[in-house]
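Chemist: Provided below: input.tsv, containing TSV, C-alpha atoms.
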```tsv
chain	number	residue	atom	x	y	z
I	1	MET	CA	0.00	0.00	0.00
I	2	LYS	CA	2.84	2.38	0.78
I	3	ARG	CA	4.43	1.81	-2.63
I	4	VAL	CA	1.06	2.35	-4.35
I	5	ALA	CA	0.55	5.64	-2.48
I	6	ILE	CA	4.04	6.88	-3.36
I	7	ILE	CA	3.59	6.03	-7.03
I	8	LEU	CA	0.20	7.76	-7.13
I	9	ILE	CA	1.89	10.89	-5.80
I	10	LEU	CA	4.76	10.50	-8.27
I	11	VAL	CA	2.53	10.37	-11.32
I	12	SER	CA	0.41	13.32	-10.18
I	13	LEU	CA	3.27	15.71	-9.36
I	14	ILE	CA	5.56	15.88	-12.37
I	15	VAL	CA	6.93	19.38	-12.32
I	16	GLY	CA	8.08	22.01	-9.83
I	17	CYS	CA	6.37	24.84	-8.08
I	18	ASP	CA	7.62	27.92	-9.90
I	19	ARG	CA	5.09	29.99	-11.81
I	20	PHE	CA	5.35	31.24	-15.36
I	21	LYS	CA	3.52	34.46	-16.10
I	22	ARG	CA	2.83	35.22	-19.75
I	23	LYS	CA	1.87	38.59	-21.16
I	24	ASP	CA	-1.35	38.98	-23.15
I	25	HIS	CA	-0.44	38.60	-26.79
I	26	ILE	CA	-2.18	37.44	-29.95
I	27	ILE	CA	-0.19	34.51	-31.27
I	28	GLN	CA	-0.27	33.10	-34.74
I	29	PRO	CA	0.49	29.37	-34.99
I	30	ASP	CA	3.96	29.98	-36.39
I	31	GLU	CA	4.92	32.66	-33.89
I	32	GLU	CA	6.96	32.13	-30.72
I	33	ALA	CA	5.26	33.08	-27.49
I	34	PRO	CA	7.27	35.46	-25.24
I	35	ALA	CA	7.33	34.74	-21.52
I	36	THR	CA	7.96	36.75	-18.37
I	37	LEU	CA	10.31	34.64	-16.27
I	38	PRO	CA	9.62	33.89	-12.60
I	39	THR	CA	11.58	35.91	-10.06
I	40	THR	CA	12.50	32.99	-7.81
I	41	GLN	CA	14.08	29.65	-8.44
I	42	PRO	CA	13.38	26.31	-6.78
I	43	THR	CA	16.14	24.84	-4.66
I	44	GLU	CA	15.14	21.20	-4.89
I	45	ASN	CA	14.59	18.73	-7.74
I	46	PRO	CA	11.54	20.15	-9.51
I	47	VAL	CA	11.00	17.32	-11.96
I	48	VAL	CA	9.61	14.57	-9.77
I	49	ASN	CA	8.29	16.01	-6.53
I	50	THR	CA	6.75	13.54	-4.07
I	51	GLU	CA	5.77	16.14	-1.50
I	52	PRO	CA	2.28	17.52	-1.42
I	53	GLN	CA	2.10	20.88	-3.12
I	54	PRO	CA	0.58	24.02	-1.48
I	55	LYS	CA	-2.71	25.29	-2.80
I	56	PRO	CA	-2.19	28.07	-5.35
I	57	PRO	CA	-3.45	31.48	-4.24
I	58	VAL	CA	-6.58	32.93	-5.72
I	59	SER	CA	-5.51	35.06	-8.65
I	60	THR	CA	-7.24	38.21	-9.87
I	61	ARG	CA	-4.72	38.93	-12.62
I	62	PRO	CA	-5.62	38.49	-16.30
I	63	SER	CA	-5.22	35.09	-17.90
I	64	PRO	CA	-1.52	34.10	-17.91
I	65	TYR	CA	-1.90	32.44	-21.30
I	66	ASN	CA	-1.80	34.01	-24.71
I	67	VAL	CA	-5.05	34.55	-26.58
I	68	LEU	CA	-5.63	33.67	-30.22
I	69	SER	CA	-8.46	35.73	-31.63
I	70	LYS	CA	-9.08	33.36	-34.53
I	71	SER	CA	-11.55	30.97	-32.95
I	72	GLU	CA	-11.41	28.63	-35.90
I	73	VAL	CA	-7.85	27.56	-35.01
I	74	VAL	CA	-8.76	25.93	-31.72
I	75	THR	CA	-12.00	25.60	-29.79
I	76	ALA	CA	-12.44	26.77	-26.22
I	77	ALA	CA	-12.76	23.15	-25.13
I	78	ALA	CA	-9.03	22.52	-25.52
I	79	LEU	CA	-5.78	24.31	-24.86
I	80	GLN	CA	-3.10	23.89	-27.53
I	81	VAL	CA	0.58	23.50	-26.61
I	82	ASN	CA	2.63	23.26	-29.80
I	83	ASP	CA	0.93	20.30	-31.53
I	84	GLN	CA	-0.61	18.83	-28.37
I	85	PHE	CA	-3.96	19.55	-26.72
I	86	ILE	CA	-5.11	19.67	-23.09
I	87	THR	CA	-8.81	19.23	-22.44
I	88	ILE	CA	-10.96	20.70	-19.71
I	89	ASP	CA	-11.48	17.27	-18.15
I	90	GLN	CA	-7.70	16.77	-17.98
I	91	VAL	CA	-7.40	20.05	-16.07
I	92	LEU	CA	-10.28	19.41	-13.68
I	93	HIS	CA	-9.67	15.76	-12.79
I	94	PRO	CA	-6.42	16.10	-10.72
I	95	VAL	CA	-7.98	18.74	-8.46
I	96	GLY	CA	-11.40	17.09	-8.19
I	97	PRO	CA	-11.10	16.29	-4.45
I	98	THR	CA	-10.11	19.90	-3.78
I	99	PHE	CA	-13.13	21.14	-5.73
I	100	THR	CA	-15.39	18.81	-3.72
I	101	LYS	CA	-14.12	20.18	-0.39
I	102	LEU	CA	-14.30	23.75	-1.67
I	103	ALA	CA	-17.89	23.33	-2.86
I	104	ALA	CA	-18.97	22.14	0.58
I	105	GLY	CA	-17.93	25.32	2.35
I	106	ALA	CA	-18.09	28.17	-0.16
I	107	ASN	CA	-20.83	30.07	-1.97
I	108	GLU	CA	-20.80	30.05	-5.76
I	109	ARG	CA	-18.97	33.36	-6.11
I	110	THR	CA	-16.16	32.25	-3.80
I	111	PHE	CA	-16.07	28.84	-5.46
I	112	ARG	CA	-15.67	30.39	-8.92
I	113	ALA	CA	-12.86	32.68	-7.79
I	114	LYS	CA	-10.88	29.91	-6.09
I	115	ALA	CA	-11.63	27.44	-8.86
I	116	LEU	CA	-10.10	29.84	-11.39
I	117	GLY	CA	-6.86	29.93	-9.39
I	118	LEU	CA	-6.76	26.14	-9.14
I	119	ILE	CA	-7.49	25.76	-12.84
I	120	ARG	CA	-4.76	28.19	-13.89
I	121	GLU	CA	-2.26	26.40	-11.68
I	122	GLN	CA	-3.26	23.02	-13.11
I	123	ILE	CA	-2.95	24.40	-16.64
I	124	ARG	CA	0.57	25.55	-15.81
I	125	ILE	CA	1.47	22.11	-14.47
I	126	GLN	CA	0.08	20.30	-17.48
I	127	VAL	CA	1.67	22.66	-20.00
I	128	GLU	CA	5.07	21.96	-18.46
I	129	HIS	CA	4.32	18.23	-18.47
I	130	VAL	CA	3.48	18.30	-22.19
I	131	LEU	CA	6.66	20.21	-23.03
I	132	LEU	CA	8.95	17.98	-20.98
I	133	LEU	CA	7.33	14.76	-22.19
I	134	ALA	CA	7.77	15.80	-25.83
I	135	GLU	CA	11.46	16.39	-25.21
I	136	ALA	CA	11.83	13.06	-23.45
I	137	LYS	CA	10.16	11.14	-26.26
I	138	ASN	CA	12.25	12.90	-28.90
I	139	PHE	CA	15.67	12.56	-27.31
I	140	LEU	CA	15.72	9.40	-25.19
I	141	THR	CA	17.21	6.45	-27.03
I	142	ASP	CA	15.30	3.22	-27.60
I	143	PRO	CA	17.44	1.39	-25.00
I	144	GLU	CA	16.69	4.15	-22.47
I	145	LYS	CA	12.99	3.91	-23.20
I	146	GLY	CA	13.27	0.16	-22.76
I	147	GLN	CA	14.81	0.67	-19.33
I	148	VAL	CA	11.87	2.90	-18.39
I	149	SER	CA	9.46	0.18	-19.55
I	150	GLU	CA	11.27	-2.32	-17.33
I	151	GLU	CA	11.04	0.08	-14.39
I	152	VAL	CA	7.30	0.51	-14.99
I	153	ALA	CA	6.85	-3.27	-15.14
I	154	ASP	CA	8.79	-3.69	-11.89
I	155	ASN	CA	6.64	-1.07	-10.15
I	156	LEU	CA	3.52	-2.78	-11.44
I	157	ARG	CA	4.66	-6.18	-10.17
I	158	GLN	CA	5.38	-4.82	-6.70
I	159	ALA	CA	2.15	-2.81	-6.55
I	160	VAL	CA	0.12	-5.86	-7.58
I	161	ALA	CA	1.99	-7.98	-5.01
I	162	GLU	CA	0.84	-5.56	-2.31
I	163	MET	CA	-2.71	-6.26	-3.45
I	164	GLY	CA	-2.33	-9.99	-2.91
I	165	GLY	CA	-1.03	-10.66	-6.41
I	166	SER	CA	-4.28	-9.73	-8.14
I	167	LYS	CA	-4.12	-7.21	-10.97
I	168	VAL	CA	-7.93	-7.03	-10.93
I	169	ARG	CA	-7.88	-6.10	-7.24
I	170	PHE	CA	-5.22	-3.48	-7.91
I	171	ASP	CA	-7.36	-1.97	-10.67
I	172	ARG	CA	-10.32	-1.83	-8.28
I	173	HIS	CA	-8.14	-0.09	-5.71
I	174	LEU	CA	-7.07	2.49	-8.29
I	175	ARG	CA	-10.68	3.14	-9.22
I	176	THR	CA	-11.40	4.07	-5.61
I	177	LYS	CA	-8.71	6.73	-6.08
I	178	GLY	CA	-10.38	8.12	-9.20
I	179	THR	CA	-8.18	6.41	-11.78
I	180	ASP	CA	-7.65	2.97	-13.35
I	181	LEU	CA	-4.82	0.63	-14.26
I	182	GLU	CA	-4.45	1.86	-17.83
I	183	THR	CA	-4.25	5.50	-16.75
I	184	TRP	CA	-1.91	4.65	-13.88
I	185	LEU	CA	0.51	2.90	-16.23
I	186	LYS	CA	0.40	5.78	-18.71
I	187	GLN	CA	1.05	8.43	-16.06
I	188	LEU	CA	3.81	6.42	-14.40
I	189	THR	CA	5.52	5.83	-17.74
I	190	GLU	CA	5.40	9.52	-18.61
I	191	ALA	CA	6.71	10.54	-15.18
I	192	LEU	CA	9.65	8.12	-15.43
I	193	LEU	CA	10.42	9.16	-19.02
I	194	ILE	CA	10.63	12.80	-17.93
I	195	ARG	CA	12.76	11.96	-14.91
I	196	ARG	CA	15.16	9.85	-16.99
I	197	TYR	CA	15.46	12.52	-19.67
I	198	MET	CA	16.09	15.36	-17.22
I	199	GLN	CA	18.66	13.35	-15.29
I	200	ASN	CA	20.46	12.44	-18.52
I	201	ARG	CA	20.40	15.96	-19.89
I	202	LEU	CA	21.33	17.86	-16.75
I	203	GLY	CA	23.28	15.30	-14.72
I	204	ARG	CA	26.55	15.81	-16.54
I	205	GLN	CA	26.41	19.55	-15.81
I	206	ILE	CA	26.36	19.04	-12.05
I	207	VAL	CA	29.70	19.33	-10.29
I	208	VAL	CA	30.10	19.31	-6.50
I	209	GLY	CA	33.62	19.90	-5.19
I	210	ARG	CA	35.10	19.36	-1.74
I	211	ARG	CA	35.46	23.11	-1.19
I	212	ALA	CA	31.74	23.66	-1.77
I	213	MET	CA	30.88	20.82	0.59
I	214	TRP	CA	33.15	22.19	3.32
I	215	LYS	CA	31.66	25.66	2.91
I	216	TYR	CA	28.16	24.23	3.36
I	217	TYR	CA	29.29	22.24	6.41
I	218	VAL	CA	30.77	25.32	8.08
I	219	GLU	CA	27.73	27.49	7.33
I	220	HIS	CA	25.22	24.87	8.52
I	221	ARG	CA	26.92	23.34	11.56
I	222	LYS	CA	23.66	23.14	13.53
I	223	GLU	CA	22.26	20.88	10.85
I	224	PHE	CA	24.90	18.28	11.66
I	225	SER	CA	24.75	18.34	15.45
I	226	LYS	CA	22.20	17.45	18.09
I	227	PRO	CA	22.31	18.93	21.61
I	228	THR	CA	21.95	16.90	24.78
I	229	ARG	CA	18.28	16.12	25.36
I	230	ALA	CA	16.25	14.91	28.30
I	231	GLN	CA	12.95	13.08	28.51
I	232	MET	CA	10.92	14.18	31.50
I	233	GLN	CA	7.88	12.94	33.35
I	234	ILE	CA	6.21	15.83	35.13
I	235	ILE	CA	3.47	16.35	37.67
I	236	SER	CA	2.38	19.93	37.06
I	237	VAL	CA	0.02	21.94	39.26
I	238	PRO	CA	-0.27	25.52	37.93
I	239	ILE	CA	-1.82	28.13	40.20
I	240	LYS	CA	-4.06	29.54	37.45
I	241	GLY	CA	-6.09	26.33	37.50
I	242	PHE	CA	-7.49	27.34	40.92
I	243	LEU	CA	-8.29	30.97	40.12
I	244	PRO	CA	-11.92	32.08	39.69
I	245	THR	CA	-13.07	32.72	36.12
I	246	ASP	CA	-16.32	34.59	36.73
I	247	ARG	CA	-14.96	37.81	38.29
I	248	ASN	CA	-11.92	40.03	38.64
I	249	ILE	CA	-9.08	38.31	40.46
I	250	THR	CA	-7.90	39.75	43.77
I	251	ASP	CA	-4.71	39.19	45.77
I	252	ALA	CA	-6.73	37.07	48.16
I	253	ASP	CA	-7.81	34.89	45.24
I	254	ARG	CA	-4.21	34.40	44.21
I	255	GLN	CA	-3.16	33.45	47.74
I	256	GLU	CA	-6.01	30.96	48.05
I	257	ALA	CA	-5.24	29.45	44.63
I	258	ARG	CA	-1.60	29.05	45.55
I	259	SER	CA	-2.58	27.34	48.78
I	260	LYS	CA	-4.85	24.87	46.95
I	261	ALA	CA	-2.15	24.12	44.39
I	262	ARG	CA	0.36	23.52	47.18
I	263	LYS	CA	-1.97	21.07	48.92
I	264	LEU	CA	-2.42	19.09	45.69
I	265	ILE	CA	1.31	18.86	44.95
I	266	ASP	CA	2.02	17.92	48.59
I	267	LYS	CA	-0.51	15.09	48.28
I	268	ALA	CA	1.15	13.92	45.05
I	269	ALA	CA	4.59	13.99	46.65
I	270	ASP	CA	3.30	12.01	49.63
I	271	GLU	CA	1.85	9.33	47.35
I	272	LEU	CA	5.18	9.00	45.52
I	273	THR	CA	7.03	8.70	48.84
I	274	LYS	CA	4.70	5.86	49.82
I	275	GLY	CA	5.59	3.96	46.64
I	276	GLY	CA	2.96	5.17	44.22
I	277	LYS	CA	3.78	4.86	40.53
I	278	PHE	CA	4.66	8.16	38.90
I	279	ASP	CA	2.33	7.47	35.96
I	280	ASP	CA	-0.66	6.85	38.21
I	281	VAL	CA	0.00	9.86	40.42
I	282	ALA	CA	0.50	12.12	37.39
I	283	LYS	CA	-2.75	10.99	35.77
I	284	LYS	CA	-4.62	11.69	39.02
I	285	SER	CA	-2.96	14.87	40.27
I	286	SER	CA	-1.24	16.65	37.38
I	287	ARG	CA	-3.00	19.59	35.74
I	288	GLY	CA	-0.45	19.81	32.91
I	289	PRO	CA	-1.02	19.11	29.18
I	290	MET	CA	0.56	15.61	29.40
I	291	ALA	CA	-1.41	14.43	32.43
I	292	SER	CA	-3.39	11.83	30.47
I	293	SER	CA	-0.14	10.17	29.34
I	294	GLY	CA	1.27	9.96	32.85
I	295	GLY	CA	3.06	13.32	32.53
I	296	THR	CA	5.54	11.97	29.94
I	297	TRP	CA	7.09	14.51	27.57
I	298	PRO	CA	9.17	13.76	24.46
I	299	LEU	CA	12.93	14.23	24.38
I	300	MET	CA	13.68	17.97	24.62
I	301	GLU	CA	16.81	20.07	24.56
I	302	ARG	CA	17.52	22.84	27.02
I	303	GLY	CA	15.31	25.87	26.54
I	304	SER	CA	12.30	23.89	25.34
I	305	PHE	CA	10.33	23.70	28.57
I	306	ARG	CA	8.68	26.85	29.84
I	307	ALA	CA	9.60	26.36	33.51
I	308	GLU	CA	13.39	26.68	33.49
I	309	ALA	CA	13.79	25.37	37.05
I	310	VAL	CA	12.03	22.13	36.12
I	311	GLU	CA	14.14	21.63	33.03
I	312	GLU	CA	17.44	22.32	34.80
I	313	THR	CA	16.51	19.91	37.59
I	314	ALA	CA	15.74	17.19	35.05
I	315	PHE	CA	19.14	17.61	33.35
I	316	ALA	CA	21.06	17.90	36.63
I	317	GLN	CA	19.63	14.96	38.59
I	318	GLY	CA	20.29	12.30	35.94
I	319	ALA	CA	18.24	9.48	34.47
I	320	GLY	CA	16.00	7.53	36.82
I	321	ARG	CA	15.88	10.19	39.55
I	322	THR	CA	12.78	11.99	40.83
I	323	SER	CA	12.92	15.49	42.27
I	324	GLY	CA	11.25	16.97	45.28
I	325	ILE	CA	8.63	19.71	44.93
I	326	ILE	CA	9.83	22.53	42.65
I	327	GLU	CA	8.15	25.87	43.34
I	328	THR	CA	7.93	28.61	40.73
I	329	PRO	CA	5.92	31.86	40.57
I	330	LYS	CA	3.35	30.11	38.38
I	331	GLY	CA	2.95	26.80	40.14
I	332	PHE	CA	4.43	23.60	41.55
I	333	TYR	CA	6.12	20.64	39.86
I	334	ILE	CA	7.67	17.26	40.47
I	335	VAL	CA	9.91	15.96	37.70
I	336	LYS	CA	11.28	12.51	37.02
I	337	THR	CA	14.11	12.18	34.51
I	338	LEU	CA	13.43	9.20	32.27
I	339	GLU	CA	16.42	9.53	29.94
I	340	ILE	CA	19.38	11.76	29.16
I	341	LYS	CA	20.49	11.49	25.56
I	342	PRO	CA	23.96	12.97	25.03
I	343	GLY	CA	24.46	15.43	22.21
I	344	VAL	CA	26.30	14.40	19.08
I	345	LYS	CA	28.23	16.33	16.45
I	346	SER	CA	28.83	14.72	13.09
I	347	SER	CA	32.24	15.23	11.52
I	348	PHE	CA	32.66	16.50	7.97
I	349	GLU	CA	33.77	13.06	6.84
I	350	GLU	CA	30.59	11.51	8.23
I	351	VAL	CA	28.22	13.86	6.44
I	352	GLN	CA	30.04	14.91	3.27
I	353	GLU	CA	28.13	12.45	1.07
I	354	ALA	CA	24.82	13.77	2.43
I	355	ILE	CA	26.04	17.31	1.76
I	356	ALA	CA	27.10	16.36	-1.75
I	357	ASP	CA	23.66	14.91	-2.42
I	358	LYS	CA	21.96	18.04	-1.10
I	359	LEU	CA	24.15	20.29	-3.27
I	360	ARG	CA	23.56	18.10	-6.32
I	361	ARG	CA	19.82	18.36	-5.80
I	362	LYS	CA	20.08	22.11	-5.45
I	363	GLN	CA	22.08	22.43	-8.67
I	364	PHE	CA	19.69	20.09	-10.44
I	365	GLY	CA	16.74	22.21	-9.32
I	366	LYS	CA	18.32	25.39	-10.69
I	367	LEU	CA	19.28	23.78	-14.00
I	368	ALA	CA	15.86	22.17	-14.41
I	369	TRP	CA	14.15	25.50	-13.70
I	370	GLU	CA	16.27	27.25	-16.31
I	371	TYR	CA	15.60	24.48	-18.82
I	372	ARG	CA	11.84	24.66	-18.32
I	373	VAL	CA	11.98	28.42	-18.79
I	374	LYS	CA	13.76	27.85	-22.10
I	375	LEU	CA	11.15	25.33	-23.26
I	376	TYR	CA	8.31	27.56	-22.16
I	377	THR	CA	9.71	30.57	-23.99
I	378	LYS	CA	9.97	28.68	-27.27
I	379	ALA	CA	6.57	27.02	-27.04
I	380	VAL	CA	3.50	28.13	-28.97
I	381	ILE	CA	0.67	28.12	-26.44
I	382	ILE	CA	-2.78	28.89	-27.79
I	383	ALA	CA	-5.30	29.19	-24.99
I	384	PRO	CA	-8.45	31.29	-25.38
I	385	GLU	CA	-9.70	32.88	-22.20
I	386	ARG	CA	-12.95	31.09	-22.98
I	387	PHE	CA	-11.12	27.86	-22.09
I	388	GLU	CA	-10.66	29.07	-18.52
I	389	ARG	CA	-14.23	30.37	-18.30
I	390	ARG	CA	-15.64	27.09	-19.60
I	391	ALA	CA	-13.44	25.12	-17.23
I	392	VAL	CA	-14.75	27.13	-14.29
I	393	ALA	CA	-18.33	26.73	-15.52
I	394	LYS	CA	-17.88	22.97	-15.81
I	395	ALA	CA	-16.35	22.81	-12.32
I	396	VAL	CA	-19.42	24.63	-10.97
I	397	ARG	CA	-21.79	22.22	-12.72
I	398	LYS	CA	-19.85	19.13	-11.71
I	399	TYR	CA	-18.94	19.87	-8.09
I	400	ARG	CA	-21.68	22.23	-6.88
I	401	LYS	CA	-24.57	19.86	-7.48
```
Show me this structure written as structure tokens.
Modeler:
Amino acid sequence: MKRVAIILILVSLIVGCDRFKRKDHIIQPDEEAPATLPTTQPTENPVVNTEPQPKPPVSTRPSPYNVLSKSEVVTAAALQVNDQFITIDQVLHPVGPTFTKLAAGANERTFRAKALGLIREQIRIQVEHVLLLAEAKNFLTDPEKGQVSEEVADNLRQAVAEMGGSKVRFDRHLRTKGTDLETWLKQLTEALLIRRYMQNRLGRQIVVGRRAMWKYYVEHRKEFSKPTRAQMQIISVPIKGFLPTDRNITDADRQEARSKARKLIDKAADELTKGGKFDDVAKKSSRGPMASSGGTWPLMERGSFRAEAVEETAFAQGAGRTSGIIETPKGFYIVKTLEIKPGVKSSFEEVQEAIADKLRRKQFGKLAWEYRVKLYTKAVIIAPERFERRAVAKAVRKYRK
């Protein structure tokens, strides 16, 4: 199931996150479309991104695609990218779940505005996919394409194995995700063709030297070290939990609240002295956020816990020890130190391969961004604004039933 989920993400997120803004311009089919380049560059591999992408902001700017006034060249039901076409259904399908959620909580006007932003972003993604796929098909050799086919077959075998070895069952599973086996294979093949092509084309341009790695290591030392951390179990009795909430608080109220908090922590300490288990006492007496889990906190470094006196006691007393009552201006605590995990600092030799990989990915991201800009600039993109309007109208009909 994990492999299936990862592959579904892989085939749905082909390109990076940078935006391409295009000036309004009437394009003839034999004319190159100018482009305004993005002002920022991605720092990671933008070709195959397995991380979920952020929702695009609602845009009020004019259509980012060029408009062809001659309606006879292409209908508003399809967007033309060189000699390829993108249909409205192709644009709407990947963001269908988002449309469904949006329709449930937005009026039609808000839905239309946000749908337009989602549609424009999906158009941008699919335009880049078309351009990169055409390059991959044109320039990959037959043996390279054969290797991609083998990789697809291997992924299919493993995905089917996770479904008990039944291809029919796998197809049914895919249909629950809004796709099918044939589409899954097509999308996976295209994603792997693009990845193979971009790695082949750009990989030889990437050079990472020892000096660059050392510079990164020096400038990011915190990334390669972990401070000493402690795991604490705390019985917490804050004074504010005993203050009245229905009137202005007086000094007398504060004194009474402090007295009640002290009595509760004294009772907890007495139970521990008599052999009570810390977990049980914490669940019964603690008023802190981790009371239900026996007062257990995750491993934390110094400076993480709000009450400094509690934290310092935990680090100082050592693993397995339980403190007495710790009094602070805001309340009372008893802390048990469960574990002290010493800090570690990785040497340059230990992490240089990880640094090299990070720098290679960063270079690859920059080169891939520049290459996509080049492809985009040369492409002829014919997209009537009516295409966007009809896509929004269809989204309204389909998802706001």
Chemist: Pick from I:Leu264, I:Ile86, I:Leu367, I:Val392: nearest to Ile125 in chain I, with all atoms listed in the file counted?
Modeler: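 Among the listed residues, I:Ile86 lies closest to Ile125 in chain I.
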Chemist: Quick check, in Å to one decimal: how far apart do CA of Ala269 in chain I and CA of Thr228 in chain I lie?
Modeler: 28.1 Å
Chemist: Would you pick out the contacts of Gln317 in chain I at 12 Å or less, using only C-alpha atoms, so that residues sharing its chain but fewer than 6 positions from it are not included, and give the list as a PyMOL selection string?
Modeler: chain I and resi 230+232+310-311+323-324+335-340
Chemist: To test the calculation: enclose all listed atoms of range 82-86 of chain I in a box whose edges run along x, y and z, add 3 Å on each side, then state centre and edge lengths in Å to one decimal, as lines of an AutoDock Vina configuration file.
Modeler:
```
center_x = -1.2
center_y = 21.0
center_z = -27.3
size_x = 13.7
size_y = 10.4
size_z = 14.4
```
Chemist: Near Ile88 in chain I, within 12 Å and counting only C-alpha atoms, which residues show up once chain neighbours fewer than 6 positions away are dropped, as a PyMOL selection string?
Modeler: chain I and resi 75-80+94-95+119-120+122-123+126+383+386-395
Chemist: What does the distance from CA of Lys362 in chain I to CA of Leu140 in chain I come to in Å, to one decimal?
Modeler: 23.9 Å
Chemist: Please measure the separation of CA of Ala314 in chain I and CA of Lys260 in chain I, giving the value in Å to one decimal.
Modeler: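 Rounded to one decimal, the two atoms are 25.0 Å apart.
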Chemist: Mind listing whatever residues come within 10 Å of the point (-2.1, 8.9, 37.5)? Use all atoms listed in the file, file coordinates, and give them as a list in words.
Modeler: Ile235, Ala268, Gly276, Lys277, Phe278, Asp279, Asp280, Val281, Ala282, Lys283, Lys284, Ser285, Ser286, Ala291, Ser292, Ser293, Gly294 and Gly295 of chain I
Chemist: Residues within 10 Å of (7.5, 21.0, -25.2), file coordinates, counting only C-alpha atoms: what are they? Give the list as number ranges by chain.
Modeler: I: 81-84, 127-136, 372, 374-381
